[in-house]
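The next block is my_file09.cif, given as mmCIF, C-alpha atoms.
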```cif
data_upload
loop_
_atom_site.group_PDB
_atom_site.id
_atom_site.type_symbol
_atom_site.label_atom_id
_atom_site.label_comp_id
_atom_site.auth_asym_id
_atom_site.auth_seq_id
_atom_site.Cartn_x
_atom_site.Cartn_y
_atom_site.Cartn_z
ATOM 1 C CA LEU A 79 -97.004 -82.150 -35.788
ATOM 2 C CA CYS A 80 -100.726 -81.506 -35.967
ATOM 3 C CA PRO A 81 -102.699 -84.215 -34.093
ATOM 4 C CA PHE A 82 -105.979 -83.090 -35.720
ATOM 5 C CA ARG A 83 -105.090 -83.600 -39.352
ATOM 6 C CA HIS A 84 -106.427 -87.174 -39.552
ATOM 7 C CA MET A 85 -109.714 -86.354 -37.782
ATOM 8 C CA ASN A 86 -113.010 -86.127 -39.602
ATOM 9 C CA ALA A 87 -115.122 -82.990 -39.258
ATOM 10 C CA SER A 88 -117.347 -84.301 -36.448
ATOM 11 C CA VAL A 89 -114.304 -84.774 -34.232
ATOM 12 C CA PHE A 90 -112.199 -81.871 -35.485
ATOM 13 C CA ARG A 91 -114.681 -79.095 -34.709
ATOM 14 C CA PRO A 92 -115.244 -80.005 -31.028
ATOM 15 C CA ALA A 93 -111.507 -80.598 -30.545
ATOM 16 C CA LEU A 94 -110.636 -77.264 -32.120
ATOM 17 C CA ALA A 95 -113.225 -75.507 -29.978
ATOM 18 C CA LEU A 96 -111.708 -77.125 -26.906
ATOM 19 C CA CYS A 97 -108.219 -75.977 -27.886
ATOM 20 C CA LEU A 98 -109.478 -72.421 -28.230
ATOM 21 C CA ALA A 99 -111.251 -72.646 -24.873
ATOM 22 C CA LEU A 100 -108.129 -73.960 -23.159
ATOM 23 C CA SER A 101 -106.064 -71.233 -24.804
ATOM 24 C CA ALA A 102 -108.487 -68.590 -23.605
ATOM 25 C CA THR A 103 -108.317 -70.074 -20.115
ATOM 26 C CA GLY A 104 -104.547 -69.939 -20.174
ATOM 27 C CA VAL A 105 -104.511 -66.351 -21.395
ATOM 28 C CA PHE A 106 -107.015 -65.384 -18.701
ATOM 29 C CA PHE A 107 -104.894 -66.907 -15.949
ATOM 30 C CA SER A 108 -101.660 -65.631 -17.435
ATOM 31 C CA GLY A 109 -102.897 -62.034 -17.340
ATOM 32 C CA ALA A 110 -102.880 -62.228 -13.575
ATOM 33 C CA ALA A 111 -99.719 -64.338 -13.595
ATOM 34 C CA PHE A 112 -97.570 -61.835 -15.458
ATOM 35 C CA ALA A 113 -98.484 -59.180 -12.914
ATOM 36 C CA GLU A 114 -96.808 -61.447 -10.350
ATOM 37 C CA GLY A 115 -93.867 -62.354 -12.600
ATOM 38 C CA ASP A 116 -95.184 -65.840 -13.401
ATOM 39 C CA ASP A 117 -94.993 -67.659 -16.724
ATOM 40 C CA LEU A 118 -97.155 -69.151 -19.461
ATOM 41 C CA GLN A 119 -95.788 -72.424 -20.827
ATOM 42 C CA TYR A 120 -96.587 -75.229 -23.276
ATOM 43 C CA TRP A 121 -95.842 -78.881 -22.427
ATOM 44 C CA ASN A 122 -96.120 -81.748 -24.913
ATOM 45 C CA GLU A 123 -95.712 -85.468 -24.313
ATOM 46 C CA PHE A 124 -95.731 -88.561 -26.537
ATOM 47 C CA VAL A 125 -96.405 -91.965 -24.978
ATOM 48 C CA VAL A 126 -96.222 -95.483 -26.387
ATOM 49 C CA LYS A 127 -97.307 -98.424 -24.255
ATOM 50 C CA LYS A 128 -97.192 -102.073 -25.313
ATOM 51 C CA LYS A 129 -98.622 -105.083 -23.501
ATOM 52 C CA LEU A 130 -96.244 -107.965 -22.900
ATOM 53 C CA PRO A 131 -96.925 -111.553 -21.750
ATOM 54 C CA ASN A 132 -97.667 -112.415 -18.119
ATOM 55 C CA ASP A 133 -99.352 -109.072 -17.240
ATOM 56 C CA PHE A 134 -96.275 -106.990 -18.039
ATOM 57 C CA SER A 135 -96.185 -103.861 -20.221
ATOM 58 C CA PHE A 136 -93.452 -101.626 -21.616
ATOM 59 C CA ARG A 137 -93.783 -97.823 -21.815
ATOM 60 C CA LEU A 138 -91.809 -95.143 -23.641
ATOM 61 C CA LYS A 139 -92.242 -91.387 -23.135
ATOM 62 C CA ALA A 140 -90.782 -88.256 -24.712
ATOM 63 C CA GLU A 141 -91.540 -84.740 -23.450
ATOM 64 C CA GLN A 142 -90.799 -81.166 -24.494
ATOM 65 C CA ARG A 143 -91.504 -77.961 -22.557
ATOM 66 C CA ILE A 144 -91.571 -74.369 -23.830
ATOM 67 C CA ARG A 145 -91.583 -71.344 -21.486
ATOM 68 C CA ASP A 146 -91.670 -67.537 -21.654
ATOM 69 C CA VAL A 147 -95.093 -67.325 -23.351
ATOM 70 C CA PHE A 148 -94.373 -70.217 -25.767
ATOM 71 C CA SER A 149 -91.092 -68.684 -26.999
ATOM 72 C CA GLU A 150 -88.227 -70.773 -25.541
ATOM 73 C CA LEU A 151 -87.696 -74.529 -25.555
ATOM 74 C CA PHE A 152 -86.003 -75.214 -22.213
ATOM 75 C CA LEU A 153 -86.539 -78.887 -21.351
ATOM 76 C CA VAL A 154 -86.597 -82.255 -23.137
ATOM 77 C CA ASN A 155 -86.584 -85.742 -21.690
ATOM 78 C CA GLY A 156 -87.036 -89.396 -22.534
ATOM 79 C CA GLU A 157 -88.238 -92.230 -20.309
ATOM 80 C CA ALA A 158 -88.554 -96.015 -20.457
ATOM 81 C CA GLY A 159 -90.402 -98.196 -17.964
ATOM 82 C CA LEU A 160 -91.468 -101.785 -17.320
ATOM 83 C CA PHE A 161 -94.724 -102.396 -15.436
ATOM 84 C CA LEU A 162 -96.587 -105.293 -13.895
ATOM 85 C CA LYS A 163 -100.386 -105.371 -13.524
ATOM 86 C CA PRO A 164 -101.154 -108.454 -11.402
ATOM 87 C CA VAL A 165 -104.769 -107.411 -10.786
ATOM 88 C CA PRO A 166 -107.047 -105.002 -12.715
ATOM 89 C CA TYR A 167 -106.819 -102.197 -10.141
ATOM 90 C CA LEU A 168 -103.048 -102.202 -9.438
ATOM 91 C CA GLU A 169 -100.017 -101.445 -11.617
ATOM 92 C CA PHE A 170 -96.415 -100.821 -10.565
ATOM 93 C CA GLY A 171 -92.887 -100.827 -11.894
ATOM 94 C CA PRO A 172 -89.553 -99.032 -12.367
ATOM 95 C CA THR A 173 -88.683 -96.327 -14.910
ATOM 96 C CA TYR A 174 -85.520 -94.573 -16.060
ATOM 97 C CA LYS A 175 -85.526 -90.982 -17.365
ATOM 98 C CA PHE A 176 -82.834 -88.758 -18.836
ATOM 99 C CA GLU A 177 -83.625 -85.038 -18.808
ATOM 100 C CA TYR A 178 -81.862 -82.035 -20.339
ATOM 101 C CA GLU A 179 -82.852 -78.589 -19.057
ATOM 102 C CA GLU A 180 -81.626 -75.021 -19.330
ATOM 103 C CA ASP A 181 -82.599 -73.007 -16.248
ATOM 104 C CA LEU A 182 -83.421 -69.307 -16.215
ATOM 105 C CA SER A 183 -79.790 -68.366 -15.588
ATOM 106 C CA GLY A 184 -78.636 -70.318 -18.651
ATOM 107 C CA LYS A 185 -77.135 -73.180 -16.630
ATOM 108 C CA ILE A 186 -77.413 -76.612 -18.286
ATOM 109 C CA ILE A 187 -78.806 -79.369 -16.065
ATOM 110 C CA ARG A 188 -78.445 -83.035 -17.036
ATOM 111 C CA GLU A 189 -80.443 -85.404 -14.890
ATOM 112 C CA HIS A 190 -80.524 -89.185 -14.589
ATOM 113 C CA ARG A 191 -83.642 -90.286 -12.723
ATOM 114 C CA GLY A 192 -84.654 -93.728 -11.517
ATOM 115 C CA THR A 193 -88.245 -94.073 -10.273
ATOM 116 C CA PHE A 194 -90.506 -96.707 -8.800
ATOM 117 C CA GLU A 195 -94.178 -95.867 -9.214
ATOM 118 C CA SER A 196 -97.451 -97.565 -8.363
ATOM 119 C CA THR A 197 -101.020 -96.729 -9.355
ATOM 120 C CA ILE A 198 -104.193 -97.954 -7.667
ATOM 121 C CA GLN A 199 -107.391 -97.521 -9.673
ATOM 122 C CA ILE A 200 -110.719 -97.340 -7.874
ATOM 123 C CA PRO A 201 -113.801 -97.361 -10.174
ATOM 124 C CA ILE A 202 -116.949 -95.915 -8.569
ATOM 125 C CA ARG A 203 -119.649 -96.661 -11.127
ATOM 126 C CA LYS A 204 -118.632 -94.501 -14.117
ATOM 127 C CA LEU A 205 -116.246 -92.367 -12.082
ATOM 128 C CA LYS A 206 -112.620 -93.543 -12.256
ATOM 129 C CA ALA A 207 -110.346 -92.579 -9.390
ATOM 130 C CA ALA A 208 -106.617 -93.286 -9.547
ATOM 131 C CA SER A 209 -104.041 -92.760 -6.815
ATOM 132 C CA ARG A 210 -100.435 -92.724 -8.039
ATOM 133 C CA HIS A 211 -97.350 -92.670 -5.814
ATOM 134 C CA SER A 212 -93.712 -92.563 -6.885
ATOM 135 C CA VAL A 213 -90.252 -92.358 -5.327
ATOM 136 C CA SER A 214 -87.357 -91.116 -7.477
ATOM 137 C CA TYR A 215 -83.600 -91.097 -7.113
ATOM 138 C CA ARG A 216 -82.272 -88.027 -8.962
ATOM 139 C CA ASN A 217 -78.732 -87.329 -10.104
ATOM 140 C CA LYS A 218 -78.537 -83.740 -11.390
ATOM 141 C CA ASN A 219 -75.091 -82.680 -12.562
ATOM 142 C CA THR A 220 -73.625 -85.311 -10.175
ATOM 143 C CA GLU A 221 -75.665 -84.039 -7.188
ATOM 144 C CA ASP A 222 -77.940 -86.666 -5.616
ATOM 145 C CA SER A 223 -81.415 -86.213 -4.143
ATOM 146 C CA TRP A 224 -84.755 -87.981 -3.669
ATOM 147 C CA ARG A 225 -88.273 -86.984 -4.628
ATOM 148 C CA TYR A 226 -91.688 -88.308 -3.563
ATOM 149 C CA ARG A 227 -94.838 -87.566 -5.587
ATOM 150 C CA SER A 228 -98.479 -88.315 -4.764
ATOM 151 C CA ARG A 229 -101.312 -87.714 -7.235
ATOM 152 C CA LEU A 230 -105.082 -88.217 -7.052
ATOM 153 C CA LYS A 231 -106.859 -88.195 -10.421
ATOM 154 C CA LEU A 232 -110.596 -88.331 -11.174
ATOM 155 C CA ALA A 233 -111.993 -89.123 -14.637
ATOM 156 C CA TYR A 234 -115.600 -89.453 -15.825
ATOM 157 C CA PRO A 235 -116.254 -90.841 -19.344
ATOM 158 C CA VAL A 236 -119.090 -89.210 -21.280
ATOM 159 C CA THR A 237 -120.361 -89.217 -24.859
ATOM 160 C CA VAL A 238 -120.432 -86.018 -26.932
ATOM 161 C CA ALA A 239 -121.961 -86.090 -30.423
ATOM 162 C CA GLY A 240 -121.680 -89.857 -30.386
ATOM 163 C CA ARG A 241 -117.985 -89.752 -29.502
ATOM 164 C CA PRO A 242 -116.374 -90.853 -26.200
ATOM 165 C CA VAL A 243 -114.776 -88.014 -24.251
ATOM 166 C CA VAL A 244 -113.143 -88.273 -20.827
ATOM 167 C CA PRO A 245 -112.997 -85.086 -18.708
ATOM 168 C CA TYR A 246 -110.565 -85.358 -15.814
ATOM 169 C CA LEU A 247 -108.825 -83.426 -13.076
ATOM 170 C CA PHE A 248 -105.997 -84.167 -10.707
ATOM 171 C CA ASP A 249 -103.906 -82.707 -7.929
ATOM 172 C CA GLU A 250 -100.304 -83.751 -7.242
ATOM 173 C CA VAL A 251 -97.912 -82.868 -4.415
ATOM 174 C CA PHE A 252 -94.095 -83.158 -4.368
ATOM 175 C CA TYR A 253 -91.572 -83.633 -1.565
ATOM 176 C CA GLU A 254 -87.888 -82.905 -2.320
ATOM 177 C CA SER A 255 -85.132 -84.218 -0.064
ATOM 178 C CA SER A 256 -82.714 -81.517 -1.258
ATOM 179 C CA VAL A 257 -84.820 -78.796 0.397
ATOM 180 C CA ARG A 258 -86.561 -81.053 2.956
ATOM 181 C CA SER A 259 -90.010 -79.701 2.201
ATOM 182 C CA TRP A 260 -93.178 -80.123 0.162
ATOM 183 C CA ASN A 261 -92.067 -77.667 -2.495
ATOM 184 C CA GLN A 262 -94.398 -78.146 -5.445
ATOM 185 C CA ASN A 263 -98.081 -78.630 -6.273
ATOM 186 C CA ARG A 264 -99.728 -79.267 -9.634
ATOM 187 C CA PHE A 265 -103.433 -78.942 -10.317
ATOM 188 C CA SER A 266 -104.746 -79.860 -13.757
ATOM 189 C CA THR A 267 -107.999 -80.261 -15.646
ATOM 190 C CA GLY A 268 -108.458 -81.491 -19.185
ATOM 191 C CA LEU A 269 -110.065 -83.863 -21.686
ATOM 192 C CA ALA A 270 -108.971 -87.157 -23.198
ATOM 193 C CA LEU A 271 -110.153 -87.774 -26.777
ATOM 194 C CA PRO A 272 -109.743 -91.216 -28.411
ATOM 195 C CA ILE A 273 -108.520 -91.018 -32.012
ATOM 196 C CA GLY A 274 -108.967 -94.196 -33.994
ATOM 197 C CA GLY A 275 -108.355 -97.556 -32.370
ATOM 198 C CA HIS A 276 -105.267 -96.982 -30.258
ATOM 199 C CA LEU A 277 -104.480 -93.255 -30.172
ATOM 200 C CA GLU A 278 -105.606 -90.860 -27.472
ATOM 201 C CA LEU A 279 -105.151 -87.099 -27.367
ATOM 202 C CA GLU A 280 -105.237 -85.183 -24.083
ATOM 203 C CA LEU A 281 -105.725 -81.406 -23.933
ATOM 204 C CA TYR A 282 -105.273 -79.776 -20.565
ATOM 205 C CA TYR A 283 -104.586 -76.727 -18.426
ATOM 206 C CA LEU A 284 -102.184 -77.100 -15.493
ATOM 207 C CA LEU A 285 -101.297 -74.750 -12.660
ATOM 208 C CA ARG A 286 -97.861 -75.439 -11.190
ATOM 209 C CA SER A 287 -96.964 -73.786 -7.889
ATOM 210 C CA LYS A 288 -93.311 -74.156 -6.892
ATOM 211 C CA GLN A 289 -91.419 -72.914 -3.850
ATOM 212 C CA LYS A 290 -88.251 -70.974 -4.651
ATOM 213 C CA SER A 291 -85.313 -70.169 -2.410
ATOM 214 C CA GLY A 292 -86.349 -67.893 0.425
ATOM 215 C CA GLY A 293 -89.775 -69.511 0.691
ATOM 216 C CA LYS A 294 -91.460 -67.580 -2.130
ATOM 217 C CA TRP A 295 -93.987 -69.481 -4.263
ATOM 218 C CA ASP A 296 -94.186 -68.858 -8.024
ATOM 219 C CA ASP A 297 -96.884 -70.056 -10.409
ATOM 220 C CA SER A 298 -96.582 -71.313 -13.968
ATOM 221 C CA HIS A 299 -99.697 -71.631 -16.148
ATOM 222 C CA VAL A 300 -99.369 -74.497 -18.608
ATOM 223 C CA LEU A 301 -101.328 -75.403 -21.725
ATOM 224 C CA GLY A 302 -100.493 -78.964 -22.659
ATOM 225 C CA THR A 303 -101.056 -81.871 -25.021
ATOM 226 C CA ASN A 304 -100.402 -85.584 -24.547
ATOM 227 C CA LEU A 305 -100.550 -87.976 -27.482
ATOM 228 C CA GLY A 306 -100.569 -91.638 -26.514
ATOM 229 C CA ARG A 307 -100.577 -94.930 -28.389
ATOM 230 C CA GLY A 308 -101.063 -98.256 -26.662
ATOM 231 C CA SER A 309 -103.388 -101.019 -25.620
ATOM 232 C CA GLU A 310 -104.597 -99.177 -22.524
ATOM 233 C CA ARG A 311 -106.122 -95.689 -22.218
ATOM 234 C CA ARG A 312 -104.136 -93.315 -20.018
ATOM 235 C CA HIS A 313 -106.900 -91.261 -18.337
ATOM 236 C CA GLY A 314 -107.351 -93.812 -15.549
ATOM 237 C CA GLY A 315 -103.793 -93.372 -14.283
#
```
Please lay out the structure from this file as C-alpha cells.
Amino acid sequence: LCPFRHMNASVFRPALALCLALSATGVFFSGAAFAEGDDLQYWNEFVVKKKLPNDFSFRLKAEQRIRDVFSELFLVNGEAGLFLKPVPYLEFGPTYKFEYEEDLSGKIIREHRGTFESTIQIPIRKLKAASRHSVSYRNKNTEDSWRYRSRLKLAYPVTVAGRPVVPYLFDEVFYESSVRSWNQNRFSTGLALPIGGHLELELYYLLRSKQKSGGKWDDSHVLGTNLGRGSERRHGG
C-alpha cells in the first residue's frame, strides 16, 4: 500500500521529503541505539471512524508492527470502539482489542483487551492540547492484568504551500499492575497531512522506553504511519 499514489505533485514532493527526513532521523537515532542493543521498528495503523446519531461515533483500528530494522513482522491487532461526545471538548467510550504477538523468544502471545478511554481537548487559540487517559483490562494467554495510560498531545495547524499541515508531539506514560510500576514511556513527534476530503496521513518518529526485568530500560526507535478515514481529524486526540 502506497498512501502517496493518489497525491498530486504539490502534495507528493513535500510528503516524500518528510518521509526521507523522518527516515534520516530514525537512522541517526538508531546508530546510537544499536550500540546499546536497542531496535529500529516500523509501526503502521489504519483507522476508520464514523459518526452516529446522538453524538455517538464508531471506530475501527488495525495495526501492524515490524521490528529488527524493518525485517520481522511481530505484532498485529484489531480494535473496535464506541464513543460518546456530549460536548465539543470531551469524548469517552469503551473499546475491545485482540492482539497477536510473537516475543523475542518466539513465544506466541494472544491478548484480549477491554479499555475505557477519555479525551479532553483544550484549544488555546490555534494550539490544540489533548489529554487522554485510559484504563485497560488485559488477558494475555489467560493471565490477567491492568494497565493505565496517560498522554498529553500538542498540535498546531499551519499552512505549507497552500496546504494544511498539522505538526504535533506527545508524551505518554504507562503503569502496569503486573509489575506494579510505571514501566513504559513514549515520546513522539510527527505531521498530519489531510488527503482529499476525509483521509488523513500521519508520519511520525516515536521513542519508546520500556523497563525490562531487573530494572533495565531499553529503547526502541520507531518510524510510523497512520492512515485515517472519518468525519473527524485525529490530530486533536
Which neighbours of region 129-141 of chain A fall inside 7 Å, counting only C-alpha atoms, when residues of the same chain fewer than 3 positions from it are skipped, and could you give them as a PDB file with C-alpha atoms, in the coordinates of the input?
```pdb
ATOM      1  CA  ASN A 122     -96.120 -81.748 -24.913  1.00  0.00           C
ATOM      2  CA  GLU A 123     -95.712 -85.468 -24.313  1.00  0.00           C
ATOM      3  CA  PHE A 124     -95.731 -88.561 -26.537  1.00  0.00           C
ATOM      4  CA  VAL A 125     -96.405 -91.965 -24.978  1.00  0.00           C
ATOM      5  CA  VAL A 126     -96.222 -95.483 -26.387  1.00  0.00           C
ATOM      6  CA  VAL A 154     -86.597 -82.255 -23.137  1.00  0.00           C
ATOM      7  CA  ASN A 155     -86.584 -85.742 -21.690  1.00  0.00           C
ATOM      8  CA  GLY A 156     -87.036 -89.396 -22.534  1.00  0.00           C
ATOM      9  CA  GLU A 157     -88.238 -92.230 -20.309  1.00  0.00           C
ATOM     10  CA  ALA A 158     -88.554 -96.015 -20.457  1.00  0.00           C
ATOM     11  CA  GLY A 159     -90.402 -98.196 -17.964  1.00  0.00           C
ATOM     12  CA  LEU A 160     -91.468-101.785 -17.320  1.00  0.00           C
ATOM     13  CA  PHE A 161     -94.724-102.396 -15.436  1.00  0.00           C
ATOM     14  CA  LEU A 162     -96.587-105.293 -13.895  1.00  0.00           C
ATOM     15  CA  LYS A 163    -100.386-105.371 -13.524  1.00  0.00           C
ATOM     16  CA  PRO A 164    -101.154-108.454 -11.402  1.00  0.00           C
ATOM     17  CA  SER A 309    -103.388-101.019 -25.620  1.00  0.00           C
TER      18      SER A 309
END
```
Report, in Å with one decimal, the straight-line distance from CA of Ser255 (chain A) to CA of Arg225 (chain A).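 Rounded to one decimal, the two atoms are 6.2 Å apart.
Comparing the minimum interatomic distances between Ile198 (chain A) and each of A:Glu169, A:Asp249, A:Asp296, A:Glu150, counting all atoms listed in the file, we find that A:Glu169 sits nearest.
Compared by their closest atoms to Ala208 (chain A), and using all atoms listed in the file, the residues A:Ala270, A:Asp222, A:Gly275, A:Leu232 rank with A:Leu232 nearest.
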Would you write out, as a PyMOL selection string, every residue that the PyMOL selection byres ((chain A and resi 215) around 9) captures in this file? chain A and resi 190-193+213-214+216-217+222-225
Can I get the selected residues back with C-alpha atoms, as an mmCIF file, in the coordinates of the input?
```cif
data_model
loop_
_atom_site.group_PDB
_atom_site.id
_atom_site.type_symbol
_atom_site.label_atom_id
_atom_site.label_comp_id
_atom_site.auth_asym_id
_atom_site.auth_seq_id
_atom_site.Cartn_x
_atom_site.Cartn_y
_atom_site.Cartn_z
ATOM 1 C CA HIS A 190 -80.524 -89.185 -14.589
ATOM 2 C CA ARG A 191 -83.642 -90.286 -12.723
ATOM 3 C CA GLY A 192 -84.654 -93.728 -11.517
ATOM 4 C CA THR A 193 -88.245 -94.073 -10.273
ATOM 5 C CA VAL A 213 -90.252 -92.358 -5.327
ATOM 6 C CA SER A 214 -87.357 -91.116 -7.477
ATOM 7 C CA ARG A 216 -82.272 -88.027 -8.962
ATOM 8 C CA ASN A 217 -78.732 -87.329 -10.104
ATOM 9 C CA ASP A 222 -77.940 -86.666 -5.616
ATOM 10 C CA SER A 223 -81.415 -86.213 -4.143
ATOM 11 C CA TRP A 224 -84.755 -87.981 -3.669
ATOM 12 C CA ARG A 225 -88.273 -86.984 -4.628
#
```
For Tyr178 (chain A), please output as a ChimeraX atom specification all residues within 9 Å (counting only C-alpha atoms; exclusion window: fewer than 4 positions along the same chain). /A:152-155,186-189
Output for the residues just chosen: C-alpha atoms as a compact mmCIF listing (two decimals), in the coordinates of the input:
```
# COMPACT_ATOMS: atom_id res chain seq x y z
CA PHE A 152 -86.00 -75.21 -22.21
CA LEU A 153 -86.54 -78.89 -21.35
CA VAL A 154 -86.60 -82.26 -23.14
CA ASN A 155 -86.58 -85.74 -21.69
CA ILE A 186 -77.41 -76.61 -18.29
CA ILE A 187 -78.81 -79.37 -16.07
CA ARG A 188 -78.44 -83.04 -17.04
CA GLU A 189 -80.44 -85.40 -14.89
```
Who sits within 10 Å of Tyr246 (chain A), only C-alpha atoms, same chain under 5 positions skipped, as an MDAnalysis selection string: chainID A and resid 205:207 231:235 266:270 280 282 313:314
So what does the PyMOL selection byres ((chain A and resi 300-303) around 8) actually pick up in this one, as a VMD selection string? chain A and resid 100 to 101 104 118 to 123 279 to 286 298 to 299 304 to 305
Give the answer as one residue: which of A:Glu254, A:Ser196, A:Gln142, A:Val147 has the shortest atom-to-atom distance to Glu179 (chain A), using all atoms listed in the file?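 Under the stated criterion, the closest residue is A:Gln142.
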Just add all heavy atoms to region 220-228 of chain A and send it as a PDB file, keeping the file's coordinate frame.
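Once everything was written out, this is part-v3.pdb:
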```pdb
ATOM      1  N   THR A 220     -74.360 -84.521 -11.191  1.00  0.00           N
ATOM      2  CA  THR A 220     -73.625 -85.311 -10.175  1.00  0.00           C
ATOM      3  C   THR A 220     -74.094 -85.060  -8.744  1.00  0.00           C
ATOM      4  O   THR A 220     -73.532 -85.623  -7.802  1.00  0.00           O
ATOM      5  CB  THR A 220     -72.095 -85.069 -10.243  1.00  0.00           C
ATOM      6  OG1 THR A 220     -71.775 -83.759  -9.749  1.00  0.00           O
ATOM      7  CG2 THR A 220     -71.576 -85.216 -11.680  1.00  0.00           C
ATOM      8  N   GLU A 221     -75.114 -84.242  -8.529  1.00  0.00           N
ATOM      9  CA  GLU A 221     -75.665 -84.039  -7.188  1.00  0.00           C
ATOM     10  C   GLU A 221     -76.878 -84.944  -6.984  1.00  0.00           C
ATOM     11  O   GLU A 221     -77.788 -84.974  -7.814  1.00  0.00           O
ATOM     12  CB  GLU A 221     -76.054 -82.570  -6.992  1.00  0.00           C
ATOM     13  CG  GLU A 221     -74.874 -81.611  -7.030  1.00  0.00           C
ATOM     14  CD  GLU A 221     -75.296 -80.176  -6.773  1.00  0.00           C
ATOM     15  OE1 GLU A 221     -76.508 -79.956  -6.520  1.00  0.00           O
ATOM     16  OE2 GLU A 221     -74.436 -79.291  -6.811  1.00  0.00           O
ATOM     17  N   ASP A 222     -76.900 -85.672  -5.873  1.00  0.00           N
ATOM     18  CA  ASP A 222     -77.940 -86.666  -5.616  1.00  0.00           C
ATOM     19  C   ASP A 222     -79.039 -86.107  -4.727  1.00  0.00           C
ATOM     20  O   ASP A 222     -78.790 -85.323  -3.811  1.00  0.00           O
ATOM     21  CB  ASP A 222     -77.340 -87.901  -4.931  1.00  0.00           C
ATOM     22  CG  ASP A 222     -76.295 -88.594  -5.793  1.00  0.00           C
ATOM     23  OD1 ASP A 222     -76.364 -88.436  -7.024  1.00  0.00           O
ATOM     24  OD2 ASP A 222     -75.424 -89.280  -5.228  1.00  0.00           O
ATOM     25  N   SER A 223     -80.281 -86.562  -4.999  1.00  0.00           N
ATOM     26  CA  SER A 223     -81.415 -86.213  -4.143  1.00  0.00           C
ATOM     27  C   SER A 223     -82.523 -87.228  -4.376  1.00  0.00           C
ATOM     28  O   SER A 223     -82.441 -88.080  -5.269  1.00  0.00           O
ATOM     29  CB  SER A 223     -81.916 -84.796  -4.425  1.00  0.00           C
ATOM     30  OG  SER A 223     -82.443 -84.693  -5.740  1.00  0.00           O
ATOM     31  N   TRP A 224     -83.585 -87.110  -3.561  1.00  0.00           N
ATOM     32  CA  TRP A 224     -84.755 -87.981  -3.669  1.00  0.00           C
ATOM     33  C   TRP A 224     -86.005 -87.126  -3.791  1.00  0.00           C
ATOM     34  O   TRP A 224     -86.068 -86.012  -3.278  1.00  0.00           O
ATOM     35  CB  TRP A 224     -84.873 -88.890  -2.437  1.00  0.00           C
ATOM     36  CG  TRP A 224     -83.756 -89.866  -2.312  1.00  0.00           C
ATOM     37  CD1 TRP A 224     -82.537 -89.645  -1.726  1.00  0.00           C
ATOM     38  CD2 TRP A 224     -83.727 -91.201  -2.805  1.00  0.00           C
ATOM     39  NE1 TRP A 224     -81.754 -90.758  -1.810  1.00  0.00           N
ATOM     40  CE2 TRP A 224     -82.455 -91.740  -2.481  1.00  0.00           C
ATOM     41  CE3 TRP A 224     -84.635 -91.998  -3.498  1.00  0.00           C
ATOM     42  CZ2 TRP A 224     -82.095 -93.037  -2.812  1.00  0.00           C
ATOM     43  CZ3 TRP A 224     -84.275 -93.299  -3.821  1.00  0.00           C
ATOM     44  CH2 TRP A 224     -83.018 -93.802  -3.488  1.00  0.00           C
ATOM     45  N   ARG A 225     -86.991 -87.678  -4.486  1.00  0.00           N
ATOM     46  CA  ARG A 225     -88.273 -86.984  -4.628  1.00  0.00           C
ATOM     47  C   ARG A 225     -89.416 -87.983  -4.443  1.00  0.00           C
ATOM     48  O   ARG A 225     -89.373 -89.106  -4.957  1.00  0.00           O
ATOM     49  CB  ARG A 225     -88.395 -86.335  -6.000  1.00  0.00           C
ATOM     50  CG  ARG A 225     -89.800 -85.807  -6.304  1.00  0.00           C
ATOM     51  CD  ARG A 225     -89.973 -85.401  -7.754  1.00  0.00           C
ATOM     52  NE  ARG A 225     -89.518 -84.040  -7.969  1.00  0.00           N
ATOM     53  CZ  ARG A 225     -89.505 -83.456  -9.174  1.00  0.00           C
ATOM     54  NH1 ARG A 225     -89.873 -84.144 -10.240  1.00  0.00           N
ATOM     55  NH2 ARG A 225     -89.106 -82.206  -9.301  1.00  0.00           N
ATOM     56  N   TYR A 226     -90.445 -87.528  -3.711  1.00  0.00           N
ATOM     57  CA  TYR A 226     -91.688 -88.308  -3.563  1.00  0.00           C
ATOM     58  C   TYR A 226     -92.831 -87.510  -4.179  1.00  0.00           C
ATOM     59  O   TYR A 226     -92.938 -86.297  -3.976  1.00  0.00           O
ATOM     60  CB  TYR A 226     -91.982 -88.580  -2.085  1.00  0.00           C
ATOM     61  CG  TYR A 226     -93.355 -89.163  -1.844  1.00  0.00           C
ATOM     62  CD1 TYR A 226     -93.658 -90.470  -2.223  1.00  0.00           C
ATOM     63  CD2 TYR A 226     -94.360 -88.402  -1.266  1.00  0.00           C
ATOM     64  CE1 TYR A 226     -94.919 -91.006  -2.018  1.00  0.00           C
ATOM     65  CE2 TYR A 226     -95.623 -88.926  -1.045  1.00  0.00           C
ATOM     66  CZ  TYR A 226     -95.896 -90.224  -1.429  1.00  0.00           C
ATOM     67  OH  TYR A 226     -97.149 -90.732  -1.233  1.00  0.00           O
ATOM     68  N   ARG A 227     -93.679 -88.208  -4.956  1.00  0.00           N
ATOM     69  CA  ARG A 227     -94.838 -87.566  -5.587  1.00  0.00           C
ATOM     70  C   ARG A 227     -96.091 -88.379  -5.263  1.00  0.00           C
ATOM     71  O   ARG A 227     -96.065 -89.613  -5.268  1.00  0.00           O
ATOM     72  CB  ARG A 227     -94.678 -87.485  -7.103  1.00  0.00           C
ATOM     73  CG  ARG A 227     -93.470 -86.731  -7.547  1.00  0.00           C
ATOM     74  CD  ARG A 227     -93.187 -86.872  -9.041  1.00  0.00           C
ATOM     75  NE  ARG A 227     -94.259 -86.346  -9.880  1.00  0.00           N
ATOM     76  CZ  ARG A 227     -94.115 -86.126 -11.192  1.00  0.00           C
ATOM     77  NH1 ARG A 227     -92.960 -86.387 -11.797  1.00  0.00           N
ATOM     78  NH2 ARG A 227     -95.122 -85.643 -11.892  1.00  0.00           N
ATOM     79  N   SER A 228     -97.195 -87.668  -5.023  1.00  0.00           N
ATOM     80  CA  SER A 228     -98.479 -88.315  -4.764  1.00  0.00           C
ATOM     81  C   SER A 228     -99.563 -87.583  -5.546  1.00  0.00           C
ATOM     82  O   SER A 228     -99.714 -86.368  -5.418  1.00  0.00           O
ATOM     83  CB  SER A 228     -98.804 -88.295  -3.270  1.00  0.00           C
ATOM     84  OG  SER A 228    -100.078 -88.859  -3.023  1.00  0.00           O
TER      85      SER A 228
END
```
